[in-house]
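Structure first, then comments.
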Amino acid sequence: MQNFRYALPRIVVHWLAAALILFLLVAGSLVLTEMPNTTEKVGNLRIHMILGGLAGLLVLIRLVLGRVHPAPAPAAGDTMGKVGHVGNVLLNLTILFMAMSGMLLVLQSGALDAAFFGGVLPEDFKAFIPRKVHGLLSRVAMGLIALHVLAAAYHQFIVKDGLLSRMGLGSR
Ligand code: HEM
């Protein structure tokens, strides 16, 4: 019989990534960008870089886990199942590109040096192209996450197929 649930390691990584990404999106757009690039910002920036790198790493771990523990049969029919799959791939790619643009930004602007090796922050990040890409991708990620949550809520509360139990929440 085919499993209905995802394997436990995939469930753990999914919720860990969800919490991290939510924190990074909220704290990044509401706190980090609002701070001037003074020495007080360095601690926040350091945390953002470490957690952002971890979020990127979790995407790669998910790819490996997907090979080791295949997903259960799709919850939705053919077309909707494919749409859901494409949405998930796009979300993973967006987070991966966010991690990459973030790393490029801190390397190019000297912020990596400022955060870990006693260097000085640039006056601001606006002039750097990877900053623009990072900001744009953050809005794409917010849109994709909103669709992801709405689709899950539709399954759970309208279709009532117990979709969330596939990710370890409640029973079918
Ligand atoms: C992959 C997960 C990541 C997410 C979800 C994320 C999220 C965000 C968000 C929402 C912003 C503010 C964007 C805006 O409002 O325009 C931001 C800014 C920034 N992020 Fe990330 N980030 C991630 C990874 C990284 C990484 C890995 C680094 C560096 C190693 C990084 C470095 C930065 C920097 C330097 C800023 C600019 C802050 C400023 O403008 O003052 N981010 N990030």
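The way I read the labels, and the way they are meant: chains A, B, ... in the order of the structure tokens, residue 1 as the first residue of every chain, and ligand 1 as the first ligand shown, with later ones counted on from there.
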Self-check item: Long-range neighbours of A:Gly87 as a PyMOL selection string, 10 Å cut-off, only C-alpha atoms, 3 positions minimum in chain
Solution: chain A and resi 81-84+90-93+144-145+147-148
Keeping only N, CA, C and O atoms, write those residues as a CSV table (one decimal), in the first residue's frame.
```
chain,number,residue,atom,x,y,z
A,81,GLY,N,-2.8,18.5,-9.6
A,81,GLY,CA,-1.6,17.9,-9.0
A,81,GLY,C,-0.4,18.5,-9.7
A,81,GLY,O,0.6,18.8,-9.0
A,82,LYS,N,-0.4,18.7,-11.0
A,82,LYS,CA,0.7,19.2,-11.7
A,82,LYS,C,0.9,20.7,-11.4
A,82,LYS,O,2.0,21.1,-11.2
A,83,VAL,N,-0.2,21.4,-11.3
A,83,VAL,CA,-0.1,22.9,-10.9
A,83,VAL,C,0.6,23.0,-9.6
A,83,VAL,O,1.5,23.8,-9.4
A,84,GLY,N,0.1,22.2,-8.6
A,84,GLY,CA,0.7,22.2,-7.3
A,84,GLY,C,2.2,21.9,-7.3
A,84,GLY,O,3.0,22.6,-6.7
A,90,LEU,N,8.7,26.2,-8.2
A,90,LEU,CA,9.0,27.6,-8.3
A,90,LEU,C,9.4,28.2,-7.0
A,90,LEU,O,10.3,29.0,-6.9
A,91,LEU,N,8.7,27.8,-5.9
A,91,LEU,CA,9.0,28.3,-4.6
A,91,LEU,C,10.4,27.9,-4.2
A,91,LEU,O,11.2,28.7,-3.7
A,92,ASN,N,10.8,26.6,-4.4
A,92,ASN,CA,12.1,26.1,-4.1
A,92,ASN,C,13.2,26.9,-4.8
A,92,ASN,O,14.2,27.3,-4.3
A,93,LEU,N,12.9,27.1,-6.1
A,93,LEU,CA,13.9,27.9,-7.0
A,93,LEU,C,14.0,29.3,-6.5
A,93,LEU,O,15.1,29.9,-6.4
A,144,LEU,N,4.1,33.5,-3.9
A,144,LEU,CA,4.0,32.0,-4.0
A,144,LEU,C,3.6,31.4,-2.7
A,144,LEU,O,2.9,30.4,-2.7
A,145,ILE,N,4.1,31.9,-1.6
A,145,ILE,CA,3.8,31.3,-0.3
A,145,ILE,C,2.3,31.6,0.0
A,145,ILE,O,1.6,30.7,0.5
A,147,LEU,N,-0.1,31.7,-2.2
A,147,LEU,CA,-0.8,30.8,-3.0
A,147,LEU,C,-0.7,29.3,-2.4
A,147,LEU,O,-1.7,28.6,-2.4
A,148,HIS,N,0.5,29.0,-1.9
A,148,HIS,CA,0.7,27.7,-1.3
A,148,HIS,C,-0.2,27.5,-0.1
A,148,HIS,O,-0.8,26.5,0.0
```
Stretch 8-93 of chain A residues near stretch 124-127 of chain A within 12 Å, closest pair each, using only C-alpha atoms, as a Markdown table:
```
| residue | atom | partner | partner_atom | distance |
| --- | --- | --- | --- | --- |
| A:Leu32 | CA | A:Phe125 | CA | 11.3 |
| A:Thr33 | CA | A:Phe125 | CA | 9.2 |
| A:Glu34 | CA | A:Asp124 | CA | 11.0 |
| A:Met35 | CA | A:Asp124 | CA | 9.8 |
| A:Pro36 | CA | A:Asp124 | CA | 7.4 |
| A:Asn37 | CA | A:Asp124 | CA | 5.9 |
| A:Thr38 | CA | A:Asp124 | CA | 9.4 |
| A:Lys41 | CA | A:Asp124 | CA | 11.3 |
```
Practice problem: Could you please extract the residues within 8 Å of ligand 1, counting only C-alpha atoms and all ligand atoms, and hand them back as a PyMOL selection string? | Solution: chain A and resi 20-30+32-37+45+48-56+95-106+111-112+124-126+131-132+134-136+138-139+141
Could the residues in this selection be written to a file with C-alpha atoms, as a short mmCIF file (atom, residue, chain, number, x, y, z; two decimals), in the first residue's frame?
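Final file, selection_24.cif:
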```cif
data_model
loop_
_atom_site.label_atom_id
_atom_site.label_comp_id
_atom_site.auth_asym_id
_atom_site.auth_seq_id
_atom_site.Cartn_x
_atom_site.Cartn_y
_atom_site.Cartn_z
CA LEU A 20 12.88 30.11 8.76
CA ILE A 21 11.56 31.59 5.51
CA LEU A 22 8.64 33.28 7.24
CA PHE A 23 11.01 34.83 9.80
CA LEU A 24 13.46 35.97 7.08
CA LEU A 25 10.73 37.52 4.94
CA VAL A 26 9.07 39.37 7.81
CA ALA A 27 12.25 40.47 9.64
CA GLY A 28 14.04 41.23 6.33
CA SER A 29 11.37 43.54 4.94
CA LEU A 30 10.12 45.09 8.20
CA LEU A 32 16.53 44.93 8.32
CA THR A 33 15.80 47.25 5.39
CA GLU A 34 14.49 49.94 7.74
CA MET A 35 17.80 50.16 9.65
CA PRO A 36 20.54 52.53 8.48
CA ASN A 37 23.83 50.75 7.74
CA LEU A 45 22.65 41.28 9.38
CA HIS A 48 19.98 37.15 8.58
CA MET A 49 22.97 35.85 6.64
CA ILE A 50 23.32 32.68 8.73
CA LEU A 51 19.58 31.86 8.69
CA GLY A 52 19.32 32.80 4.98
CA GLY A 53 22.23 30.48 4.14
CA LEU A 54 20.53 27.76 6.18
CA ALA A 55 17.24 28.28 4.29
CA GLY A 56 19.12 27.84 0.99
CA ILE A 95 14.35 30.55 -2.19
CA LEU A 96 17.51 29.13 -3.75
CA PHE A 97 17.97 32.26 -5.90
CA MET A 98 17.29 34.43 -2.85
CA ALA A 99 20.09 32.70 -0.96
CA MET A 100 22.39 33.09 -3.98
CA SER A 101 21.57 36.77 -4.57
CA GLY A 102 21.98 37.44 -0.81
CA MET A 103 25.42 35.83 -0.82
CA LEU A 104 26.44 37.71 -3.95
CA LEU A 105 25.26 40.96 -2.37
CA VAL A 106 27.25 40.55 0.84
CA ALA A 111 28.96 43.26 4.18
CA LEU A 112 30.34 39.74 4.67
CA ASP A 124 23.64 51.41 1.85
CA PHE A 125 22.85 48.43 -0.37
CA LYS A 126 20.61 50.19 -2.90
CA ARG A 131 20.09 43.84 -3.73
CA LYS A 132 17.41 44.70 -6.31
CA HIS A 134 16.97 39.93 -3.69
CA GLY A 135 14.17 42.45 -2.95
CA LEU A 136 12.20 41.50 -6.07
CA SER A 138 11.32 38.37 -1.78
CA ARG A 139 8.02 39.70 -3.21
CA ALA A 141 8.36 34.37 -2.62
#
```
Exercise. Point out the residue among A:Ile11, A:Ile47, A:Val31, A:Val86 with the least atom-to-atom distance to A:Leu164, counting only C-alpha atoms.
Key: A:Ile11
Practice problem: Extract, using only C-alpha atoms, all DNA, RNA and protein residues at most 9 Å from A:Leu8, discarding same-chain residues fewer than 3 positions from it, and format them as a list of chain:residue names. | Solution: A:Arg5, A:Ile11, A:Val12, A:Val13, A:Met167, A:Gly168
Practice problem: Based on DSSP run over this structure's backbone, return all residues of stretch 12-102 of chain A in helix (DSSP H, G or I), as a PyMOL selection string. | Solution: chain A and resi 12-32+41-68+78-102
Selected residues written out with C-alpha atoms, as a PDB file, in the first residue's frame:
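Final output, saved to result.pdb:
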```pdb
ATOM      1  CA  VAL A  12      10.686  18.045   9.762  1.00  0.00           C
ATOM      2  CA  VAL A  13      12.629  19.848   7.015  1.00  0.00           C
ATOM      3  CA  HIS A  14       9.405  21.302   5.530  1.00  0.00           C
ATOM      4  CA  TRP A  15       8.275  22.944   8.792  1.00  0.00           C
ATOM      5  CA  LEU A  16      11.783  24.077   9.703  1.00  0.00           C
ATOM      6  CA  ALA A  17      12.157  25.718   6.278  1.00  0.00           C
ATOM      7  CA  ALA A  18       8.660  27.265   6.563  1.00  0.00           C
ATOM      8  CA  ALA A  19       9.474  28.862   9.953  1.00  0.00           C
ATOM      9  CA  LEU A  20      12.876  30.112   8.764  1.00  0.00           C
ATOM     10  CA  ILE A  21      11.564  31.589   5.515  1.00  0.00           C
ATOM     11  CA  LEU A  22       8.636  33.277   7.245  1.00  0.00           C
ATOM     12  CA  PHE A  23      11.006  34.832   9.795  1.00  0.00           C
ATOM     13  CA  LEU A  24      13.463  35.966   7.083  1.00  0.00           C
ATOM     14  CA  LEU A  25      10.728  37.521   4.937  1.00  0.00           C
ATOM     15  CA  VAL A  26       9.071  39.374   7.810  1.00  0.00           C
ATOM     16  CA  ALA A  27      12.246  40.468   9.638  1.00  0.00           C
ATOM     17  CA  GLY A  28      14.035  41.232   6.329  1.00  0.00           C
ATOM     18  CA  SER A  29      11.367  43.538   4.941  1.00  0.00           C
ATOM     19  CA  LEU A  30      10.122  45.094   8.204  1.00  0.00           C
ATOM     20  CA  VAL A  31      13.302  45.391  10.277  1.00  0.00           C
ATOM     21  CA  LEU A  32      16.531  44.931   8.318  1.00  0.00           C
ATOM     22  CA  LYS A  41      22.855  46.738  12.149  1.00  0.00           C
ATOM     23  CA  VAL A  42      25.765  44.292  11.963  1.00  0.00           C
ATOM     24  CA  GLY A  43      24.308  41.825  14.522  1.00  0.00           C
ATOM     25  CA  ASN A  44      20.945  41.663  12.712  1.00  0.00           C
ATOM     26  CA  LEU A  45      22.653  41.277   9.383  1.00  0.00           C
ATOM     27  CA  ARG A  46      24.815  38.437  10.707  1.00  0.00           C
ATOM     28  CA  ILE A  47      21.728  36.544  11.931  1.00  0.00           C
ATOM     29  CA  HIS A  48      19.976  37.154   8.578  1.00  0.00           C
ATOM     30  CA  MET A  49      22.973  35.848   6.638  1.00  0.00           C
ATOM     31  CA  ILE A  50      23.323  32.681   8.733  1.00  0.00           C
ATOM     32  CA  LEU A  51      19.584  31.862   8.691  1.00  0.00           C
ATOM     33  CA  GLY A  52      19.323  32.797   4.984  1.00  0.00           C
ATOM     34  CA  GLY A  53      22.226  30.484   4.143  1.00  0.00           C
ATOM     35  CA  LEU A  54      20.534  27.757   6.180  1.00  0.00           C
ATOM     36  CA  ALA A  55      17.239  28.284   4.293  1.00  0.00           C
ATOM     37  CA  GLY A  56      19.124  27.841   0.995  1.00  0.00           C
ATOM     38  CA  LEU A  57      20.829  24.721   2.341  1.00  0.00           C
ATOM     39  CA  LEU A  58      17.461  23.275   3.395  1.00  0.00           C
ATOM     40  CA  VAL A  59      16.232  23.543  -0.215  1.00  0.00           C
ATOM     41  CA  LEU A  60      19.198  21.413  -1.301  1.00  0.00           C
ATOM     42  CA  ILE A  61      18.574  18.952   1.550  1.00  0.00           C
ATOM     43  CA  ARG A  62      14.940  18.710   0.411  1.00  0.00           C
ATOM     44  CA  LEU A  63      16.082  17.809  -3.091  1.00  0.00           C
ATOM     45  CA  VAL A  64      18.226  14.965  -1.729  1.00  0.00           C
ATOM     46  CA  LEU A  65      15.456  13.791   0.643  1.00  0.00           C
ATOM     47  CA  GLY A  66      13.013  13.793  -2.287  1.00  0.00           C
ATOM     48  CA  ARG A  67      15.201  11.158  -3.951  1.00  0.00           C
ATOM     49  CA  VAL A  68      15.612   9.047  -0.819  1.00  0.00           C
ATOM     50  CA  ASP A  78      -3.951  15.147 -12.714  1.00  0.00           C
ATOM     51  CA  THR A  79      -4.068  18.818 -13.691  1.00  0.00           C
ATOM     52  CA  MET A  80      -4.295  20.318 -10.203  1.00  0.00           C
ATOM     53  CA  GLY A  81      -1.613  17.904  -8.991  1.00  0.00           C
ATOM     54  CA  LYS A  82       0.702  19.215 -11.736  1.00  0.00           C
ATOM     55  CA  VAL A  83      -0.105  22.854 -10.943  1.00  0.00           C
ATOM     56  CA  GLY A  84       0.709  22.185  -7.271  1.00  0.00           C
ATOM     57  CA  HIS A  85       3.985  20.526  -8.250  1.00  0.00           C
ATOM     58  CA  VAL A  86       5.001  23.447 -10.495  1.00  0.00           C
ATOM     59  CA  GLY A  87       4.166  25.874  -7.646  1.00  0.00           C
ATOM     60  CA  ASN A  88       6.422  23.935  -5.266  1.00  0.00           C
ATOM     61  CA  VAL A  89       9.288  23.832  -7.763  1.00  0.00           C
ATOM     62  CA  LEU A  90       8.983  27.603  -8.338  1.00  0.00           C
ATOM     63  CA  LEU A  91       8.984  28.272  -4.599  1.00  0.00           C
ATOM     64  CA  ASN A  92      12.107  26.150  -4.061  1.00  0.00           C
ATOM     65  CA  LEU A  93      13.870  27.875  -6.966  1.00  0.00           C
ATOM     66  CA  THR A  94      12.910  31.316  -5.649  1.00  0.00           C
ATOM     67  CA  ILE A  95      14.352  30.555  -2.190  1.00  0.00           C
ATOM     68  CA  LEU A  96      17.509  29.126  -3.753  1.00  0.00           C
ATOM     69  CA  PHE A  97      17.974  32.258  -5.897  1.00  0.00           C
ATOM     70  CA  MET A  98      17.287  34.431  -2.846  1.00  0.00           C
ATOM     71  CA  ALA A  99      20.093  32.695  -0.959  1.00  0.00           C
ATOM     72  CA  MET A 100      22.392  33.089  -3.977  1.00  0.00           C
ATOM     73  CA  SER A 101      21.573  36.772  -4.565  1.00  0.00           C
ATOM     74  CA  GLY A 102      21.983  37.444  -0.815  1.00  0.00           C
TER      75      GLY A 102
END
```
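Computed from the coordinates, the atom CA of A:Gly143 to atom CA of A:Ala73 distance equals 25.9 Å.
The two atoms in question, atom CA of A:Val140 and atom CA of A:Ala153, are spaced 20.0 Å apart.
Distance annotation: of A:Ala115, A:Leu121, A:Met142, A:Ala75, the residue with the minimal separation from A:Gln156 is A:Ala75; atom set is only C-alpha atoms.
With only C-alpha atoms as the basis for measurement, A:Glu123 is the residue among A:His155, A:Pro130, A:Glu123, A:Gly170 that approaches A:Thr39 most closely.
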